[in-house]
$ cat target_26.txt   # compact mmCIF, C-alpha atoms
# COMPACT_ATOMS: atom_id res chain seq x y z
CA MET A 164 5.41 -22.41 15.22
CA GLU A 165 3.63 -24.36 12.48
CA PHE A 166 0.93 -21.73 12.58
CA LEU A 167 3.43 -18.89 12.16
CA LEU A 168 5.03 -20.54 9.14
CA ALA A 169 1.78 -21.28 7.28
CA PRO A 170 -0.02 -18.45 5.43
CA TRP A 171 -2.18 -16.52 7.91
CA PRO A 172 -5.92 -16.35 7.31
CA TRP A 173 -7.41 -12.89 6.71
CA TYR A 174 -9.11 -12.83 10.11
CA VAL A 175 -5.70 -12.98 11.79
CA SER A 176 -3.66 -10.68 9.54
CA GLY A 177 -6.39 -8.08 8.87
CA PRO A 178 -7.01 -7.30 12.58
CA ILE A 179 -3.23 -7.03 13.16
CA VAL A 180 -3.14 -4.33 10.47
CA GLY A 181 -6.04 -2.49 12.16
CA ALA A 182 -4.31 -2.78 15.54
CA THR A 183 -0.99 -1.49 14.13
CA MET A 184 -2.80 1.59 12.87
CA ALA A 185 -4.35 2.16 16.32
CA LEU A 186 -0.96 1.66 18.04
CA LEU A 187 0.58 4.26 15.73
CA LEU A 188 -2.16 6.70 16.82
CA LEU A 189 -1.15 6.09 20.44
CA PHE A 190 2.36 7.10 19.43
CA GLY A 191 0.97 10.27 17.89
CA LYS A 192 1.26 9.20 14.23
CA SER A 193 -1.11 8.14 11.52
CA LEU A 194 -0.65 5.25 9.11
CA GLY A 195 0.01 6.17 5.48
CA LEU A 196 2.86 4.75 3.44
CA SER A 197 2.59 6.88 0.29
CA SER A 198 3.71 10.03 2.14
CA ASN A 199 7.17 8.48 1.97
CA PHE A 200 7.38 9.24 -1.77
CA ARG A 201 6.89 12.93 -1.02
CA ILE A 202 9.37 12.75 1.86
CA VAL A 203 12.03 11.11 -0.33
CA CYS A 204 11.43 13.71 -3.09
CA SER A 205 11.88 16.46 -0.53
CA ALA A 206 14.97 14.82 0.98
CA CYS A 207 16.47 14.64 -2.52
CA GLY A 208 16.10 18.41 -2.85
CA ALA A 209 12.84 18.68 -4.83
CA GLY A 210 11.83 21.54 -2.51
CA LYS A 211 14.17 23.86 -4.42
CA LYS A 212 12.21 23.26 -7.60
CA ASN A 213 8.70 23.10 -6.25
CA ASP A 214 6.91 24.40 -3.16
CA PHE A 215 4.95 21.19 -2.68
CA PHE A 216 8.19 19.51 -1.59
CA ASN A 217 9.42 22.45 0.43
CA PHE A 218 8.63 21.24 3.94
CA ASN A 219 10.69 20.01 6.84
CA TRP A 220 10.79 16.35 5.89
CA LYS A 221 12.85 15.49 8.95
CA ASN A 222 9.70 15.96 11.07
CA GLU A 223 8.17 13.13 9.06
CA SER A 224 11.20 10.87 9.14
CA TRP A 225 9.40 8.45 11.49
CA ASN A 226 7.44 7.36 8.40
CA LEU A 227 10.66 6.47 6.59
CA VAL A 228 11.68 4.41 9.61
CA PHE A 229 8.29 2.67 9.45
CA ALA A 230 8.83 1.95 5.73
CA ILE A 231 12.27 0.51 6.47
CA GLY A 232 10.51 -1.64 9.09
CA CYS A 233 8.18 -2.88 6.31
CA ILE A 234 11.20 -3.85 4.19
CA LEU A 235 12.67 -5.70 7.18
CA GLY A 236 9.30 -7.34 7.84
CA GLY A 237 9.30 -8.62 4.27
CA TYR A 238 12.81 -9.98 4.71
CA ILE A 239 11.87 -11.73 7.97
CA SER A 240 8.75 -13.28 6.39
CA MET A 241 10.81 -14.49 3.46
CA GLU A 242 13.76 -15.86 5.42
CA TYR A 243 12.26 -17.08 8.68
CA LEU A 244 8.47 -17.29 8.46
CA GLY A 245 7.79 -19.76 5.73
CA GLY A 246 9.07 -17.70 2.79
CA ASP A 247 7.47 -17.27 -0.56
CA HIS A 248 4.70 -19.77 -0.07
CA LEU A 249 1.11 -18.63 0.11
CA ALA A 250 -2.24 -20.35 0.31
CA GLY A 251 -2.86 -19.78 -3.39
CA ILE A 252 -5.83 -18.28 -5.13
CA SER A 253 -9.20 -19.54 -6.31
CA LYS A 254 -9.44 -21.89 -9.25
CA ALA A 255 -11.48 -19.39 -11.22
CA THR A 256 -8.74 -16.76 -11.09
CA GLN A 257 -6.06 -19.36 -11.86
CA GLU A 258 -7.91 -20.50 -14.96
CA HIS A 259 -8.46 -16.95 -16.11
CA LEU A 260 -4.79 -16.09 -15.66
CA ALA A 261 -3.75 -19.25 -17.49
CA GLN A 262 -5.79 -18.06 -20.47
CA LEU A 263 -3.76 -14.86 -20.41
CA GLY A 264 -0.56 -16.87 -20.33
CA ILE A 265 0.22 -16.56 -16.61
CA THR A 266 0.79 -20.13 -15.49
CA SER A 267 3.16 -19.43 -12.58
CA ASP A 268 2.42 -21.15 -9.29
CA SER A 269 0.05 -18.87 -7.39
CA HIS A 270 1.61 -20.01 -4.10
CA TYR A 271 4.37 -17.48 -4.82
CA VAL A 272 3.93 -13.74 -4.45
CA LEU A 273 4.68 -12.69 -8.04
CA PRO A 274 4.40 -14.50 -11.38
CA THR A 275 7.76 -15.11 -13.04
CA GLU A 276 6.26 -14.28 -16.46
CA LEU A 277 6.12 -10.63 -15.41
CA PHE A 278 8.65 -10.13 -12.63
CA SER A 279 11.64 -12.38 -13.28
CA LYS A 280 14.95 -10.79 -14.28
CA ASP A 281 14.38 -11.60 -17.95
CA ALA A 282 10.81 -10.33 -17.91
CA ILE A 283 11.48 -6.96 -16.27
CA PHE A 284 14.12 -6.02 -18.81
CA SER A 285 11.85 -6.74 -21.75
CA PHE A 286 9.94 -3.85 -23.30
CA LYS A 287 6.63 -5.08 -21.91
CA GLY A 288 8.04 -5.76 -18.44
CA ILE A 289 9.75 -2.44 -17.95
CA SER A 290 6.76 -0.53 -19.38
CA MET A 291 4.35 -2.23 -16.98
CA LEU A 292 6.51 -1.58 -13.93
CA SER A 293 7.36 2.01 -14.80
CA ILE A 294 3.86 3.08 -15.86
CA GLY A 295 2.35 1.25 -12.87
CA GLY A 296 4.84 2.84 -10.48
CA PHE A 297 4.24 6.28 -11.95
CA LEU A 298 0.46 5.92 -11.58
CA ILE A 299 0.83 4.71 -7.98
CA GLY A 300 3.05 7.66 -7.05
CA PHE A 301 1.00 10.24 -8.96
CA GLY A 302 -2.41 8.87 -7.99
CA SER A 303 -1.69 8.39 -4.30
CA ARG A 304 -0.50 11.97 -3.89
CA TYR A 305 -3.34 13.39 -6.00
CA ALA A 306 -5.86 11.44 -3.91
CA GLY A 307 -4.00 12.37 -0.72
CA GLY A 308 -3.29 8.80 0.33
CA CYS A 309 -2.94 5.17 -0.68
CA THR A 310 -4.63 2.01 0.56
CA SER A 311 -3.17 2.33 4.06
CA GLY A 312 -3.97 6.04 4.36
CA HIS A 313 -7.49 6.02 2.91
CA ALA A 314 -8.84 2.46 2.91
CA ILE A 315 -7.58 1.58 6.38
CA SER A 316 -6.96 4.83 8.32
CA GLY A 317 -9.59 6.94 6.58
CA LEU A 318 -12.42 4.42 6.47
CA SER A 319 -11.72 3.42 10.10
CA ASN A 320 -12.32 7.07 10.96
CA LEU A 321 -15.50 7.08 8.81
CA GLN A 322 -14.23 9.72 6.40
CA LEU A 323 -16.38 10.30 3.31
CA PRO A 324 -13.40 11.56 1.22
CA SER A 325 -11.66 8.24 1.90
CA LEU A 326 -14.70 6.36 0.69
CA ILE A 327 -14.64 8.40 -2.54
CA ALA A 328 -10.92 7.63 -2.90
CA VAL A 329 -11.49 3.90 -2.35
CA ILE A 330 -14.29 3.91 -4.93
CA GLY A 331 -11.80 5.60 -7.27
CA TYR A 332 -9.21 2.87 -6.54
CA PHE A 333 -11.76 0.27 -7.51
CA ILE A 334 -12.88 2.05 -10.69
CA GLY A 335 -9.22 2.23 -11.77
CA GLY A 336 -8.47 -1.33 -10.66
CA LEU A 337 -11.51 -2.75 -12.47
CA ILE A 338 -10.73 -0.86 -15.69
CA MET A 339 -7.17 -2.22 -15.60
CA THR A 340 -8.10 -5.79 -14.67
CA TRP A 341 -11.07 -6.24 -16.99
CA LEU A 342 -10.37 -3.95 -19.94
CA ILE A 343 -6.65 -3.32 -20.23
CA LEU A 344 -4.70 -6.27 -18.79
CA PRO A 345 -6.34 -8.91 -21.03
CA PHE A 346 -4.91 -7.02 -24.04
CA ILE A 347 -1.41 -6.41 -22.78
CA LEU A 348 -0.64 -9.70 -21.01
CA MET B 90 13.33 11.73 17.32
CA LYS B 91 14.42 9.84 20.41
CA PRO B 92 16.29 6.60 19.70
CA ILE B 93 13.70 4.57 21.61
CA ARG B 94 10.92 6.03 19.41
CA THR B 95 12.90 5.20 16.29
CA ILE B 96 13.08 1.58 17.42
CA ILE B 97 9.35 1.53 18.18
CA TYR B 98 8.41 2.85 14.71
CA LEU B 99 10.78 0.32 13.19
CA ILE B 100 9.18 -2.55 15.14
CA LEU B 101 5.67 -1.38 14.21
CA GLY B 102 6.78 -1.31 10.58
CA VAL B 103 8.17 -4.84 10.89
CA PHE B 104 4.86 -5.98 12.40
CA PHE B 105 2.90 -4.36 9.59
CA GLY B 106 5.22 -5.87 6.99
CA ILE B 107 4.88 -9.36 8.42
CA ALA B 108 1.09 -9.07 8.74
CA LEU B 109 0.74 -7.96 5.12
CA SER B 110 3.06 -10.63 3.75
CA LYS B 111 1.70 -13.51 5.82
CA GLY B 112 -1.83 -12.31 5.05
CA GLU B 113 -0.99 -12.47 1.31
CA ALA B 114 -1.83 -8.81 0.67
CA ILE B 115 1.50 -8.54 -1.19
CA SER B 116 0.51 -11.25 -3.68
CA TRP B 117 0.06 -10.15 -7.29
CA PHE B 118 -2.31 -13.09 -7.68
CA ARG B 119 -4.50 -12.00 -4.75
CA ILE B 120 -4.91 -8.52 -6.21
CA GLN B 121 -6.04 -9.97 -9.54
CA GLU B 122 -8.44 -12.25 -7.67
CA MET B 123 -9.80 -9.31 -5.67
CA PHE B 124 -10.54 -7.19 -8.75
CA ARG B 125 -12.19 -10.22 -10.37
CA PHE B 126 -14.37 -10.80 -7.27
CA GLU B 127 -13.37 -14.45 -7.19
CA SER B 128 -12.50 -14.78 -3.51
CA PHE B 129 -13.41 -13.18 -0.23
CA HIS B 130 -9.84 -13.19 1.05
CA MET B 131 -8.75 -9.58 0.33
CA TYR B 132 -12.16 -8.18 1.29
CA GLY B 133 -11.97 -10.03 4.59
CA PHE B 134 -8.44 -8.78 5.11
CA ILE B 135 -9.16 -5.10 4.43
CA GLY B 136 -12.62 -5.30 6.03
CA SER B 137 -11.40 -6.79 9.30
CA ALA B 138 -8.56 -4.25 9.46
CA ILE B 139 -11.15 -1.45 9.11
CA VAL B 140 -13.52 -2.97 11.70
CA ILE B 141 -10.76 -3.34 14.31
CA GLY B 142 -9.36 0.08 13.39
CA ALA B 143 -12.79 1.73 13.68
CA LEU B 144 -13.44 0.06 17.06
CA CYS B 145 -10.07 1.29 18.39
CA ILE B 146 -10.76 4.82 17.11
CA GLN B 147 -14.21 4.85 18.76
CA VAL B 148 -12.64 3.75 22.07
CA ILE B 149 -9.99 6.47 21.72
CA LYS B 150 -12.70 9.08 21.03
CA ILE B 151 -15.18 7.99 23.70
CA PHE B 152 -12.62 7.72 26.49
CA GLN B 153 -10.61 10.66 25.14
CA ILE B 154 -7.46 8.59 25.37
CA LYS B 155 -4.25 10.58 25.04
CA ASP B 156 -1.16 9.44 23.23
CA PHE B 157 1.98 8.24 25.03
CA ASP B 158 3.32 11.80 25.14
CA GLY B 159 0.17 12.90 26.97
CA LYS B 160 -1.14 14.86 23.99
CA ASP B 161 -4.67 14.65 22.62
CA ILE B 162 -5.04 12.27 19.71
CA VAL B 163 -6.29 14.44 16.88
CA LEU B 164 -7.77 12.64 13.90
CA ALA B 165 -7.82 15.40 11.34
CA ASP B 166 -10.83 15.29 9.03
CA LYS B 167 -9.87 14.77 5.39
CA GLN B 168 -10.32 17.88 3.33
CA LYS B 169 -13.66 17.98 1.51
CA SER B 170 -13.51 17.50 -2.24
CA THR B 171 -14.64 15.00 -4.81
CA TRP B 172 -12.51 15.40 -7.90
CA ARG B 173 -9.13 14.91 -6.34
CA TYR B 174 -10.20 11.73 -4.54
CA LEU B 175 -12.02 10.30 -7.51
CA LEU B 176 -9.48 11.15 -10.24
CA GLY B 177 -6.45 10.50 -8.03
CA GLY B 178 -8.07 7.30 -6.84
CA ILE B 179 -8.67 6.10 -10.40
CA ALA B 180 -5.04 6.79 -11.34
CA PHE B 181 -3.86 4.92 -8.26
CA GLY B 182 -6.22 2.01 -8.94
CA LEU B 183 -4.94 1.67 -12.52
CA GLY B 184 -1.40 1.42 -11.16
CA TRP B 185 -2.43 -0.89 -8.31
CA ALA B 186 -3.92 -3.46 -10.69
CA LEU B 187 -1.17 -3.06 -13.31
CA VAL B 188 1.67 -3.79 -10.87
CA GLY B 189 -0.44 -5.96 -8.57
CA GLY B 190 0.61 -4.12 -5.46
CA CYS B 191 0.06 -0.83 -3.71
CA THR B 192 2.45 1.25 -1.65
CA ALA B 193 3.12 -0.89 1.42
CA PRO B 194 3.60 -4.15 -0.55
CA LEU B 195 6.09 -2.30 -2.75
CA PHE B 196 8.35 -1.84 0.29
CA ILE B 197 7.67 -5.30 1.69
CA LEU B 198 8.46 -6.99 -1.64
CA MET B 199 11.82 -5.21 -1.76
CA GLY B 200 12.57 -6.95 1.55
CA TYR B 201 11.47 -10.19 -0.09
CA GLY B 202 14.28 -9.70 -2.59
CA GLU B 203 11.96 -8.77 -5.46
CA TYR B 204 14.20 -6.22 -7.14
CA SER B 205 11.65 -5.41 -9.83
CA MET B 206 9.99 -3.31 -7.12
CA VAL B 207 12.96 -0.95 -7.11
CA ILE B 208 11.86 0.12 -10.61
CA VAL B 209 8.31 0.64 -9.35
CA PHE B 210 9.64 2.66 -6.42
CA VAL B 211 11.74 4.96 -8.61
CA PHE B 212 8.81 5.62 -10.94
CA ALA B 213 6.49 6.17 -7.98
CA LEU B 214 8.88 8.94 -6.88
CA LEU B 215 8.71 10.40 -10.40
CA GLY B 216 4.91 10.19 -10.28
CA THR B 217 4.77 12.00 -6.95
CA PHE B 218 7.19 14.63 -8.25
CA SER B 219 5.04 15.14 -11.35
CA TYR B 220 1.99 15.63 -9.17
CA GLY B 221 3.86 18.36 -7.31
CA ILE B 222 4.71 20.06 -10.60
CA PHE B 223 1.24 19.86 -12.16
CA ARG B 224 -0.77 20.20 -8.94
CA ASN B 225 -2.02 23.72 -9.70
CA ARG B 226 -3.42 22.66 -13.07
CA LEU B 227 -5.33 19.62 -11.81
CA PRO B 228 -8.94 19.75 -10.60
CA HIS B 229 -9.06 19.43 -6.80
$ encode --input "target_26.txt" --output "structure tokens"
Amino acid sequence: MEFLLAPWPWYVSGPIVGATMALLLLFGKSLGLSSNFRIVCSACGAGKKNDFFNFNWKNESWNLVFAIGCILGGYISMEYLGGDHLAGISKATQEHLAQLGITSDSHYVLPTELFSKDAIFSFKGISMLSIGGFLIGFGSRYAGGCTSGHAISGLSNLQLPSLIAVIGYFIGGLIMTWLILPFIL
Amino acid sequence: MKPIRTIIYLILGVFFGIALSKGEAISWFRIQEMFRFESFHMYGFIGSAIVIGALCIQVIKIFQIKDFDGKDIVLADKQKSTWRYLLGGIAFGLGWALVGGCTAPLFILMGYGEYSMVIVFVFALLGTFSYGIFRNRLPH
């Protein structure tokens, strides 16, 4: 039980993620969470406005169930499996973040400076979340998948397009982390 | 969808959600650390998921294992292109690092009670909708 409550090392949690993807294949499905954005758009009637959303989303509703499972999984981790307490990050990153004004305890999932109630309703907070969310939704559909669809499913199946997508993720992530975030934090 | 299947997909989702949260992949701090190359943690996490996933896929292919409905498991090849993956990937990466989480963590964090992710979710829907609208004008 102690082991379940402590943060899990990567060599335990990573393989579980790989195995979940393989199990999904045995149930005739493939892992990819970002498809849910398209499904929700379609379910909300976007198909009337645009052909891209005009598909029978009910055939894909298993993916919504899977996403609801993820939400439940988060709730279970929070309430029963040790909660919001992680192993924490390297000293180097901590020091760098402190220079940018992020001094929150890195044993929690999100820094309060950016994600607390006060922070998200400030101009900076709401801009970060909305622009970030928009880019995630736009970029994942443009690239045909997110981290689960390309980095895990696609690379596991040795797909060159997925490698290009993952390289793209890193180019974008590095530009944001090294060039943009230091100015806006 | 049969009720039993619905429960199975739900349980698999719960499993995935727990693995990602206990493995710290939902941590804003870990994502910053990953893009700064200051720890092996996230690389180990994603790397080991890929290694196990690739091994399972090879076993499925070699032994031509069928799914639980008795159908062939078809792993469709991703459509060939460079621009859409590169440009779409860059847009996604910018968002990933800005919010400190990708798609799955967004859902998992909502379960954590992090309501800021509801805003991210709504704007992700808007982003996906915009892609649908502008799709024909974007290089693919």
$ atom_distance --input "target_26.txt" --atom1 "CA of Ile97 (chain B)" --atom2 "CA of Ile162 (chain B)"
18.0 Å
$ atom_distance --input "target_26.txt" --atom1 "CA of Gly335 (chain A)" --atom2 "CA of Phe126 (chain B)"
14.7 Å
$ closest_residue --input "target_26.txt" --among "B:Ile197, B:Ala114, B:Leu227, B:Ile96" --to "chain A" --atoms "all atoms listed in the file"
B:Ile197
$ residues_around --input "target_26.txt" --residues "Gly189 (chain B)" --least-positions-apart "4" --cutoff "9 Å" --atoms "all atoms listed in the file" --output "VMD selection string"
(chain A and resid 273 295) or (chain B and resid 115 to 121 184 to 185)
$ atom_distance --input "target_26.txt" --atom1 "CA of Phe210 (chain B)" --atom2 "CA of Ala182 (chain A)"
26.6 Å
$ residues_around --input "target_26.txt" --residues "Leu189 (chain A)" --least-positions-apart "3" --cutoff "8 Å" --atoms "all atoms listed in the file" --output "PyMOL selection string"
(chain A and resi 185-186+192) or (chain B and resi 155-157+162)
$ residues_around --input "target_26.txt" --residues "Glu203 (chain B)" --least-positions-apart "2" --cutoff "12 Å" --atoms "only C-alpha atoms" --output "MDAnalysis selection string"
(chainID A and resid 234 237:238 241 247 271:275 277:280 283) or (chainID B and resid 115:116 194:201 205:210)
